[in-house]
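File shown: final_39.tsv. Contents: TSV, C-alpha atoms and all ligand atoms.
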chain	number	residue	atom	x	y	z
A	1124	MET	CA	-10.78	58.62	23.51
A	1125	ILE	CA	-7.02	58.76	23.95
A	1126	ARG	CA	-6.47	58.17	20.26
A	1127	ILE	CA	-8.85	60.98	19.33
A	1128	HIS	CA	-7.06	63.36	21.70
A	1129	LYS	CA	-3.69	62.40	20.25
A	1130	GLN	CA	-4.92	62.96	16.72
A	1131	LEU	CA	-6.75	66.20	17.49
A	1132	PRO	CA	-3.76	68.59	17.17
A	1133	ALA	CA	-2.75	66.83	13.96
A	1134	ALA	CA	-6.29	67.13	12.66
A	1135	ILE	CA	-6.47	70.86	13.47
A	1136	PHE	CA	-3.11	71.38	11.79
A	1137	PHE	CA	-4.30	69.45	8.77
A	1138	VAL	CA	-7.52	71.48	8.48
A	1139	MET	CA	-5.54	74.74	8.72
A	1140	LEU	CA	-3.14	73.49	6.09
A	1141	CYS	CA	-6.06	72.69	3.79
A	1142	LEU	CA	-7.51	76.18	4.30
A	1143	LEU	CA	-4.14	77.74	3.49
A	1144	SER	CA	-3.63	75.72	0.32
A	1145	PRO	CA	-6.95	74.67	-1.15
A	1146	VAL	CA	-5.31	72.84	-4.04
A	1147	MET	CA	-3.34	70.48	-1.74
A	1148	ALA	CA	-4.83	67.05	-1.15
A	1149	ALA	CA	-3.72	64.28	1.21
A	1150	PRO	CA	-2.01	61.41	-0.55
A	1151	ALA	CA	-4.42	58.55	-1.07
A	1152	VAL	CA	-2.00	56.00	0.32
A	1153	ASP	CA	0.60	56.43	3.06
A	1154	VAL	CA	3.40	54.12	4.15
A	1155	GLU	CA	4.48	54.35	7.80
A	1156	ASP	CA	7.18	52.76	9.98
A	1157	PRO	CA	8.95	50.79	7.26
A	1158	TRP	CA	11.83	48.62	8.54
A	1159	ILE	CA	13.85	45.64	7.45
A	1160	ARG	CA	14.93	42.93	9.84
A	1161	GLU	CA	18.71	42.63	9.79
A	1162	ALA	CA	19.60	39.10	8.72
A	1163	PRO	CA	22.34	36.89	10.13
A	1164	PRO	CA	25.55	37.03	8.04
A	1165	ALA	CA	25.37	34.88	4.90
A	1166	SER	CA	21.56	35.04	4.81
A	1167	THR	CA	20.22	35.77	1.37
A	1168	VAL	CA	16.56	36.31	2.23
A	1169	LEU	CA	15.27	39.19	4.34
A	1170	ALA	CA	11.88	40.56	5.32
A	1171	ALA	CA	10.52	44.11	5.36
A	1172	TYR	CA	7.64	45.32	7.49
A	1173	MET	CA	5.51	48.50	7.37
A	1174	VAL	CA	2.03	49.91	7.77
A	1175	ILE	CA	0.19	50.94	4.60
A	1176	LYS	CA	-2.71	53.36	5.07
A	1177	ASN	CA	-5.53	54.17	2.73
A	1178	ASN	CA	-6.74	57.72	3.47
A	1179	GLY	CA	-9.19	57.81	0.58
A	1180	ASP	CA	-12.76	56.83	-0.17
A	1181	THR	CA	-11.68	54.36	-2.81
A	1182	GLN	CA	-10.50	50.83	-2.20
A	1183	TYR	CA	-7.01	50.66	-3.62
A	1184	THR	CA	-4.86	47.62	-4.09
A	1185	ILE	CA	-1.12	47.23	-3.61
A	1186	THR	CA	-0.02	45.58	-6.82
A	1187	ARG	CA	3.72	45.25	-6.21
A	1188	ILE	CA	6.54	46.38	-3.95
A	1189	GLU	CA	10.10	46.47	-5.23
A	1190	SER	CA	13.53	47.41	-4.03
A	1191	PRO	CA	16.56	48.28	-6.14
A	1192	ASP	CA	18.75	46.66	-3.46
A	1193	PHE	CA	17.39	43.14	-4.06
A	1194	ARG	CA	17.14	40.75	-6.98
A	1195	ASP	CA	13.47	40.13	-6.22
A	1196	ALA	CA	10.73	41.08	-3.77
A	1197	GLN	CA	7.42	39.33	-3.12
A	1198	ILE	CA	4.55	40.09	-0.77
A	1199	HIS	CA	4.04	37.04	1.46
A	1200	ARG	CA	1.66	36.15	4.22
A	1201	THR	CA	2.84	33.73	6.92
A	1202	VAL	CA	0.01	31.50	8.09
A	1203	VAL	CA	0.07	28.73	10.67
A	1204	GLU	CA	-2.28	25.91	9.69
A	1205	ASP	CA	-2.55	22.89	11.98
A	1206	GLY	CA	0.70	23.94	13.62
A	1207	VAL	CA	2.55	24.21	10.30
A	1208	ALA	CA	3.99	27.59	9.27
A	1209	LYS	CA	3.66	28.43	5.57
A	1210	MET	CA	4.47	31.48	3.48
A	1211	MET	CA	1.79	32.24	0.90
A	1212	PRO	CA	2.52	34.69	-1.95
A	1213	VAL	CA	0.03	37.58	-2.06
A	1214	GLU	CA	-0.62	38.78	-5.63
A	1215	GLN	CA	-3.01	41.65	-4.87
A	1216	LEU	CA	-3.31	43.31	-1.50
A	1217	PRO	CA	-6.57	45.28	-1.11
A	1218	LEU	CA	-6.38	48.35	1.13
A	1219	PRO	CA	-9.69	48.94	2.91
A	1220	VAL	CA	-11.25	52.40	2.58
A	1221	HIS	CA	-10.00	54.64	5.43
A	1222	GLY	CA	-8.16	51.64	6.79
A	1223	SER	CA	-4.68	50.27	7.05
A	1224	ILE	CA	-2.77	47.03	6.61
A	1225	SER	CA	0.12	46.04	8.84
A	1226	PHE	CA	3.10	44.05	7.71
A	1227	GLU	CA	4.50	42.49	10.90
A	1228	PRO	CA	6.63	39.52	12.00
A	1229	GLY	CA	4.72	36.25	11.73
A	1230	GLY	CA	2.16	37.75	9.32
A	1231	LEU	CA	2.34	39.87	6.18
A	1232	HIS	CA	5.88	40.61	5.07
A	1233	LEU	CA	7.76	41.76	2.03
A	1234	MET	CA	10.12	38.90	1.30
A	1235	LEU	CA	13.38	40.21	-0.15
A	1236	PHE	CA	15.59	37.84	-2.15
A	1237	ASP	CA	19.34	38.16	-2.71
A	1238	PRO	CA	20.57	41.55	-1.49
A	1239	LEU	CA	22.73	43.30	-4.08
A	1240	ARG	CA	24.86	44.87	-1.32
A	1241	SER	CA	25.71	44.04	2.27
A	1242	LEU	CA	23.01	45.34	4.62
A	1243	ARG	CA	23.70	45.85	8.32
A	1244	GLU	CA	21.90	47.71	11.06
A	1245	GLY	CA	21.66	51.42	10.33
A	1246	ASP	CA	21.66	51.00	6.55
A	1247	GLU	CA	18.68	52.26	4.63
A	1248	VAL	CA	16.89	50.46	1.83
A	1249	LYS	CA	14.67	52.04	-0.79
A	1250	LEU	CA	11.25	50.42	-1.19
A	1251	VAL	CA	8.82	51.36	-3.96
A	1252	ILE	CA	5.18	50.57	-3.25
A	1253	HIS	CA	2.96	50.45	-6.33
A	1254	VAL	CA	-0.75	51.27	-5.93
A	1255	SER	CA	-3.54	50.27	-8.31
A	1256	ASN	CA	-4.34	53.94	-9.11
A	1257	GLY	CA	-0.94	54.23	-10.78
A	1258	ASP	CA	0.75	55.98	-7.84
A	1259	SER	CA	3.98	54.71	-6.46
A	1260	ILE	CA	5.28	55.59	-3.02
A	1261	THR	CA	8.99	55.54	-2.28
A	1262	VAL	CA	10.18	55.08	1.30
A	1263	GLN	CA	13.53	54.53	2.99
A	1264	ALA	CA	13.39	51.51	5.31
A	1265	PRO	CA	16.08	51.31	8.00
A	1266	VAL	CA	17.72	47.96	8.69
A	1267	VAL	CA	16.97	47.06	12.31
A	1268	ARG	CA	18.72	44.46	14.49
A	1269	LYS	CA	16.12	42.42	16.37
A	1270	ARG	CA	17.37	39.40	18.23
A	1271	GLY	CA	15.03	39.19	21.19
A	1272	GLU	CA	17.40	40.57	23.82
A	1273	ASP	CA	15.50	43.86	24.06
A	1274	ASP	CA	11.99	42.42	24.26
A	1275	HIS	CA	11.64	43.54	27.88
A	1276	ALA	CA	12.05	47.16	26.87
A	1277	HIS	CA	9.13	47.22	24.40
A	1278	HIS	CA	10.94	49.16	21.71
A	1279	HIS	CA	8.74	50.68	19.10
A	1280	HIS	CA	9.78	50.70	15.49
B	621	MET	CA	-25.33	15.77	89.01
B	622	THR	CA	-25.89	12.61	87.12
B	623	THR	CA	-24.26	11.56	83.89
B	624	GLN	CA	-26.33	9.44	81.66
B	625	ARG	CA	-24.40	6.51	80.24
B	626	PRO	CA	-24.78	6.27	76.51
B	627	THR	CA	-26.75	3.31	75.41
B	628	PRO	CA	-24.98	0.78	73.16
B	629	ILE	CA	-26.99	2.03	70.16
B	630	SER	CA	-26.09	5.71	70.57
B	631	ARG	CA	-22.46	4.72	71.07
B	632	HIS	CA	-22.53	2.94	67.70
B	633	ILE	CA	-24.01	6.02	66.07
B	634	LEU	CA	-21.30	8.18	67.63
B	635	ILE	CA	-18.54	5.88	66.32
B	636	GLY	CA	-20.21	5.89	62.91
B	637	VAL	CA	-20.32	9.69	62.81
B	638	ILE	CA	-16.64	9.91	63.82
B	639	ILE	CA	-15.67	7.44	61.07
B	640	VAL	CA	-17.63	9.42	58.45
B	641	LEU	CA	-16.04	12.70	59.64
B	642	LEU	CA	-12.55	11.21	59.56
B	643	ALA	CA	-13.12	9.73	56.11
B	644	THR	CA	-14.41	13.06	54.80
B	645	ALA	CA	-11.43	14.93	56.26
B	646	ALA	CA	-9.03	12.39	54.79
B	647	GLY	CA	-10.78	12.68	51.43
B	648	ILE	CA	-10.58	16.48	51.38
B	649	TRP	CA	-6.96	16.37	52.52
B	650	SER	CA	-5.89	13.92	49.82
B	651	ALA	CA	-7.94	15.71	47.17
B	652	ARG	CA	-6.17	18.96	48.08
B	653	LEU	CA	-2.83	17.21	47.77
B	654	VAL	CA	-3.75	15.96	44.31
B	655	LEU	CA	-5.05	19.39	43.27
B	656	GLN	CA	-1.87	21.07	44.52
B	657	ARG	CA	0.21	18.65	42.48
B	658	SER	CA	-1.77	19.12	39.30
B	659	GLY	CA	-2.17	22.86	39.93
B	660	PRO	CA	0.84	24.04	37.91
B	661	GLN	CA	-0.13	21.78	35.00
B	662	ASP	CA	-3.55	23.37	34.82
B	663	GLU	CA	-2.02	26.83	34.45
B	664	LEU	CA	0.44	25.84	31.70
B	665	SER	CA	-0.06	27.15	28.20
B	666	ALA	CA	2.31	24.41	27.02
B	667	THR	CA	1.19	20.83	26.52
B	668	ARG	CA	3.02	18.64	29.02
B	669	PHE	CA	2.71	14.88	28.75
B	670	PRO	CA	1.56	12.98	31.86
B	671	VAL	CA	4.52	10.69	31.24
B	672	ALA	CA	7.52	12.05	29.33
B	673	ARG	CA	8.11	10.11	26.12
B	674	ALA	CA	11.26	8.21	25.28
B	675	VAL	CA	13.07	9.44	22.15
B	676	GLN	CA	13.94	6.72	19.63
B	677	PRO	CA	17.54	6.72	18.32
B	678	PHE	CA	18.49	9.44	15.82
B	679	GLU	CA	21.85	10.55	14.40
B	680	LEU	CA	22.51	14.16	13.34
B	681	VAL	CA	25.41	16.65	13.58
B	682	ASP	CA	25.63	20.03	15.28
B	683	HIS	CA	26.99	23.21	13.68
B	684	ASN	CA	30.53	22.24	14.80
B	685	ASN	CA	30.23	18.93	12.94
B	686	VAL	CA	30.00	17.03	16.25
B	687	ALA	CA	27.53	14.14	16.50
B	688	PHE	CA	24.13	15.16	17.81
B	689	ASN	CA	22.02	12.23	19.00
B	690	ASN	CA	20.08	10.90	21.99
B	691	ALA	CA	23.11	11.29	24.25
B	692	SER	CA	23.20	15.01	23.38
B	693	LEU	CA	19.79	15.45	25.01
B	694	GLN	CA	20.95	13.97	28.35
B	695	HIS	CA	21.80	15.91	31.54
B	696	ARG	CA	20.24	19.22	30.50
B	697	TRP	CA	16.96	20.75	29.40
B	698	SER	CA	16.74	21.28	25.65
B	699	PHE	CA	14.37	23.58	23.79
B	700	MET	CA	14.19	22.47	20.16
B	701	PHE	CA	12.76	24.23	17.14
B	702	PHE	CA	12.59	23.10	13.49
B	703	GLY	CA	13.29	25.67	10.78
B	704	TYR	CA	15.69	26.63	8.00
B	705	THR	CA	18.04	29.50	7.26
B	706	TYR	CA	16.33	30.66	4.04
B	707	CYS	CA	13.40	31.69	6.22
B	708	PRO	CA	13.28	35.45	6.87
B	709	ASP	CA	10.12	35.76	8.96
B	710	VAL	CA	9.07	32.85	11.18
B	711	CYS	CA	12.54	31.45	11.95
B	712	PRO	CA	14.24	34.72	13.00
B	713	THR	CA	11.11	35.60	14.99
B	714	THR	CA	11.19	32.24	16.80
B	715	LEU	CA	14.94	32.47	17.49
B	716	SER	CA	14.36	35.98	18.87
B	717	VAL	CA	11.65	34.62	21.15
B	718	LEU	CA	13.97	31.82	22.29
B	719	ASN	CA	16.75	34.34	22.95
B	720	SER	CA	14.32	36.31	25.07
B	721	VAL	CA	13.42	33.06	26.90
B	722	ALA	CA	17.14	32.49	27.50
B	723	GLN	CA	17.50	36.00	29.01
B	724	ARG	CA	14.48	35.41	31.24
B	725	LEU	CA	15.88	32.12	32.55
B	726	GLN	CA	19.39	33.41	33.26
B	727	ASP	CA	18.87	33.31	37.03
B	728	LEU	CA	18.15	29.57	37.04
B	729	ASP	CA	20.81	27.16	38.19
B	730	VAL	CA	20.02	24.58	35.52
B	731	ASP	CA	21.62	23.79	32.20
B	732	VAL	CA	19.25	24.90	29.42
B	733	ARG	CA	20.07	24.68	25.73
B	734	PHE	CA	18.38	26.02	22.63
B	735	ILE	CA	18.60	24.06	19.41
B	736	MET	CA	17.41	24.76	15.88
B	737	VAL	CA	17.19	21.63	13.73
B	738	THR	CA	17.10	22.44	10.03
B	739	VAL	CA	14.38	20.90	7.89
B	740	ASP	CA	16.49	21.88	4.86
B	741	PRO	CA	19.71	19.87	5.29
B	742	GLU	CA	20.42	20.14	1.56
B	743	ARG	CA	21.16	23.87	1.82
B	744	ASP	CA	21.86	24.24	5.53
B	745	THR	CA	25.43	23.11	6.03
B	746	PRO	CA	26.91	23.19	9.56
B	747	GLU	CA	28.82	26.38	8.62
B	748	ARG	CA	25.70	28.14	7.37
B	749	LEU	CA	23.71	27.08	10.43
B	750	ALA	CA	26.49	28.24	12.76
B	751	GLN	CA	26.29	31.76	11.30
B	752	PHE	CA	22.52	31.77	11.50
B	753	VAL	CA	21.86	30.56	15.06
B	754	THR	CA	24.83	32.24	16.79
B	755	TYR	CA	23.74	35.59	15.38
B	756	PHE	CA	20.84	35.42	17.85
B	757	ASN	CA	22.77	33.93	20.78
B	758	GLY	CA	26.34	32.62	20.89
B	759	ASP	CA	25.18	29.57	22.86
B	760	PHE	CA	22.46	28.50	20.43
B	761	ILE	CA	23.08	25.24	18.59
B	762	GLY	CA	22.27	24.48	14.96
B	763	VAL	CA	21.69	20.86	13.97
B	764	THR	CA	21.68	19.31	10.50
B	765	GLY	CA	22.50	15.94	8.96
B	766	THR	CA	21.24	13.46	6.41
B	767	ASP	CA	17.63	13.19	5.27
B	768	GLU	CA	17.47	9.82	7.06
B	769	GLY	CA	18.80	11.26	10.30
B	770	LEU	CA	16.29	14.09	10.10
B	771	GLU	CA	13.42	11.67	9.45
B	772	GLN	CA	14.43	9.57	12.47
B	773	LEU	CA	13.80	12.59	14.68
B	774	THR	CA	10.93	14.38	12.92
B	775	LYS	CA	8.74	11.30	12.37
B	776	GLN	CA	8.54	10.41	16.04
B	777	LEU	CA	7.82	14.03	17.02
B	778	GLY	CA	5.17	14.44	14.33
B	779	ILE	CA	7.10	17.26	12.60
B	780	LEU	CA	5.91	18.17	9.14
B	781	HIS	CA	8.28	19.64	6.57
B	782	VAL	CA	7.50	20.07	2.89
B	783	ARG	CA	9.44	21.75	0.11
B	784	VAL	CA	7.22	24.16	-1.89
B	785	GLN	CA	7.15	26.62	-4.80
B	786	PRO	CA	10.25	25.84	-6.78
B	787	GLU	CA	10.63	28.93	-8.99
B	788	PRO	CA	11.13	27.92	-12.61
B	789	GLY	CA	14.72	28.43	-13.66
B	790	SER	CA	15.84	28.97	-10.08
B	791	ASP	CA	17.01	26.62	-7.36
B	792	SER	CA	15.27	28.61	-4.63
B	793	TYR	CA	12.35	27.09	-2.73
B	794	LEU	CA	10.44	27.57	0.52
B	795	MET	CA	9.73	25.06	3.28
B	796	ASP	CA	6.48	24.59	5.16
B	797	HIS	CA	7.40	23.39	8.63
B	798	THR	CA	5.96	22.72	12.08
B	799	ALA	CA	6.28	25.94	14.08
B	800	ALA	CA	6.12	24.52	17.63
B	801	VAL	CA	8.97	24.47	20.16
B	802	PHE	CA	9.72	21.11	21.81
B	803	LEU	CA	11.10	20.61	25.30
B	804	PHE	CA	13.26	17.64	26.33
B	805	ASP	CA	14.08	16.89	29.97
B	806	PRO	CA	17.51	15.95	31.39
B	807	ASP	CA	16.61	12.28	30.95
B	808	GLY	CA	16.55	12.96	27.22
B	809	ARG	CA	12.81	12.43	27.05
B	810	TYR	CA	10.23	14.47	25.12
B	811	HIS	CA	8.58	16.36	27.97
B	812	ALA	CA	6.40	19.19	26.60
B	813	VAL	CA	5.56	21.20	23.50
B	814	PHE	CA	4.85	24.92	23.05
B	815	SER	CA	2.49	25.68	20.17
B	816	PRO	CA	2.35	28.96	18.23
B	817	PRO	CA	1.77	31.82	18.74
B	818	LEU	CA	4.94	31.69	20.83
B	819	SER	CA	5.48	34.10	23.71
B	820	ALA	CA	8.80	34.35	25.55
B	821	GLU	CA	6.99	35.32	28.74
B	822	LYS	CA	4.71	32.26	28.62
B	823	ILE	CA	7.45	29.82	27.63
B	824	ALA	CA	9.75	31.05	30.44
B	825	GLY	CA	6.89	31.00	32.97
B	826	ASP	CA	5.79	27.51	31.94
B	827	PHE	CA	9.36	26.25	32.09
B	828	ARG	CA	9.71	27.39	35.72
B	829	LYS	CA	6.55	25.46	36.63
B	830	ILE	CA	7.68	22.39	34.69
B	831	LEU	CA	11.04	22.57	36.47
B	832	GLN	CA	9.34	22.78	39.88
B	833	ALA	CA	7.18	19.76	39.16
B	834	TYR	CA	10.19	17.82	37.85
B	835	GLN	CA	12.48	18.35	40.86
C	1301	CU	CU	8.21	35.00	2.92
Just dump the structure as structure tokens.
Ligand SMILES: [Cu+2]
Amino acid sequence: MIRIHKQLPAAIFFVMLCLLSPVMAAPAVDVEDPWIREAPPASTVLAAYMVIKNNGDTQYTITRIESPDFRDAQIHRTVVEDGVAKMMPVEQLPLPVHGSISFEPGGLHLMLFDPLRSLREGDEVKLVIHVSNGDSITVQAPVVRKRGEDDHAHHHH
Amino acid sequence: MTTQRPTPISRHILIGVIIVLLATAAGIWSARLVLQRSGPQDELSATRFPVARAVQPFELVDHNNVAFNNASLQHRWSFMFFGYTYCPDVCPTTLSVLNSVAQRLQDLDVDVRFIMVTVDPERDTPERLAQFVTYFNGDFIGVTGTDEGLEQLTKQLGILHVRVQPEPGSDSYLMDHTAAVFLFDPDGRYHAVFSPPLSAEKIAGDFRKILQAYQ
């Protein structure tokens, strides 16, 4: 109920917008809350997190995510099997129809290899998300310092 | 008024009833004692061993190049985690959880240490480890060493660590590794283990109960 109420003004606004500009369509795929975990100095691998939404009636697939600030980027899924943590490369990431996929610590992440420049908190990194319909979405992901000292405060990223 | 003297038989019955009542009371009382003692254990999300396990000799070095061995586990509580610095997701997340545990235990008057042992000693030099662990908390300790030294410790704790996915033409690789956090008591014995998913709140809460039962 609460979620519907929260989304109601946005929905009304969206409907009005559609009436005003009949040619405009919502993007099929949205990327929300992208962020990169700041790494300790000298670290050469980082991880990016985000929520990817599929607003359409078609099941799309994320084929690749890249960043000009890194030598390489791979979609990984962390799994814990029999107490052992493993990172599995994800080649194709299906986006459910009218659904979303969350990249979050301890689960899906974009593994970023070898930064081409120094990245500290407050910096922004360009990520390009490639969708199977040929679209590509570009977002700016802020570098966020997360070291566990603020876990009491329930910060939202 | 006349009082009827109990017959010998009824007196025996009376004594019997009193004995049964006393025995029942004693049974309930001792059972409650036992339940109270095992109470905190029942509520733990950690696995605590009925008898803490001795740790067989191992020789490693900390991030200041100082020997890290059985003696290093004495006289303080030690939380220990196994990871590596080329790990951008699980290891930083675990060190963040442990830092949050450290904040939550600040009020305690006991010496608690947090240690990350690398399962990748080939790449994780003391210098590299120092930069990695102290980023999360200046008091955290990184431990590395030889493959043999690492095996001495990991084998007895049942830690798995495997090198995977060497990229062709590149020297980069990933490590699969046990994700649990191990707890050693001030006698240097393996006392409990926290299995993933790790929660700072649960680990800190469990540790307070473990501490109570230990003292
Ligand atoms: Cu990864």
Do you know which residues are at most 12 Å from range 667-676 of chain B counting only C-alpha atoms, after dropping those on the same chain fewer than 5 positions away, and could you put them as a PyMOL selection string? chain B and resi 658+660-662+689-694+769+771-777+800-816+823+826-827+829-831+833-834
Write out as JSON lines the residues of chain B that have any atom within 10 Å of an atom of ligand CU 1301 (chain C), one row each with the nearest atom pair and its distance in Å to one decimal, counting only C-alpha atoms and all ligand atoms, sorted by chain and then rising number.
{"residue": "B:Tyr706", "atom": "CA", "partner": "C:CU1301", "partner_atom": "CU", "distance": 9.3}
{"residue": "B:Cys707", "atom": "CA", "partner": "C:CU1301", "partner_atom": "CU", "distance": 7.0}
{"residue": "B:Pro708", "atom": "CA", "partner": "C:CU1301", "partner_atom": "CU", "distance": 6.4}
{"residue": "B:Asp709", "atom": "CA", "partner": "C:CU1301", "partner_atom": "CU", "distance": 6.4}
{"residue": "B:Val710", "atom": "CA", "partner": "C:CU1301", "partner_atom": "CU", "distance": 8.6}
{"residue": "B:Leu794", "atom": "CA", "partner": "C:CU1301", "partner_atom": "CU", "distance": 8.1}
I'd like the neighbourhood of Val739 in chain B as a list of chain:residue names, where a residue qualifies if any of its atoms comes within 8 Å (using all atoms listed in the file), though same-chain residues fewer than 2 positions away should be ignored. B:Phe702, B:Gly703, B:Tyr704, B:Val737, B:Pro741, B:Thr764, B:Leu770, B:His781, B:Met795, B:His797
Could you please take those selected residues and save C-alpha atoms as a compact mmCIF listing (two decimals), keeping the file's coordinate frame?
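Saved the output as again_32.txt:
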# COMPACT_ATOMS: atom_id res chain seq x y z
CA PHE B 702 12.59 23.10 13.49
CA GLY B 703 13.29 25.67 10.78
CA TYR B 704 15.69 26.63 8.00
CA VAL B 737 17.19 21.63 13.73
CA PRO B 741 19.71 19.87 5.29
CA THR B 764 21.68 19.31 10.50
CA LEU B 770 16.29 14.09 10.10
CA HIS B 781 8.28 19.64 6.57
CA MET B 795 9.73 25.06 3.28
CA HIS B 797 7.40 23.39 8.63
One-decimal distance in Å that lies between CA of Lys1176 in chain A and CA of Pro1150 in chain A: 9.8 Å
How big is the axis-aligned box around all listed atoms of range 1220-1233 of chain A once 3 Å goes on each side, and where's its centre, in Å to one decimal, as lines of an AutoDock Vina configuration file?
center_x = -1.7
center_y = 45.4
center_z = 7.0
size_x = 25.0
size_y = 24.4
size_z = 16.0
Could you please select, counting all atoms listed in the file, the residues of chain B within 10 Å of chain A and state them as a ChimeraX atom specification? /B:703,705-724,747-757,779-782,784-785,792,794-800,815-817,820-821
As an exercise, work out the distance from CA of Pro1157 in chain A to CA of Leu1242 in chain A in Å and give it to one decimal place. 15.3 Å
Might you pull out every residue within 9 Å of Val1267 in chain A, with all atoms listed in the file counted and same-chain residues fewer than 6 positions away left off, and present them as a PyMOL selection string? chain A and resi 1158-1161+1243-1246+1280
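Atom pair CA of Leu818 in chain B / CA of Ser665 in chain B: separated by 10.0 Å.
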Selection near Asp1180 in chain A, 10 Å with only C-alpha atoms, sequence-local residues under 3 positions removed, as a compact mmCIF listing (two decimals) with C-alpha atoms, in the coordinates of the input:
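Listing of around_11.txt after writing:
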# COMPACT_ATOMS: atom_id res chain seq x y z
CA ALA A 1151 -4.42 58.55 -1.07
CA ASN A 1177 -5.53 54.17 2.73
CA TYR A 1183 -7.01 50.66 -3.62
CA PRO A 1219 -9.69 48.94 2.91
CA VAL A 1220 -11.25 52.40 2.58
CA HIS A 1221 -10.00 54.64 5.43
CA GLY A 1222 -8.16 51.64 6.79
All residues 8 Å or closer to Glu1214 in chain A, all atoms listed in the file, same chain fewer than 4 positions away omitted, as a CSV table (one decimal) with C-alpha atoms, in the coordinates of the input:
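To be explicit, this is the file written out as out_23.csv:
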chain,number,residue,atom,x,y,z
A,1186,THR,CA,0.0,45.6,-6.8
A,1187,ARG,CA,3.7,45.2,-6.2
A,1198,ILE,CA,4.6,40.1,-0.8
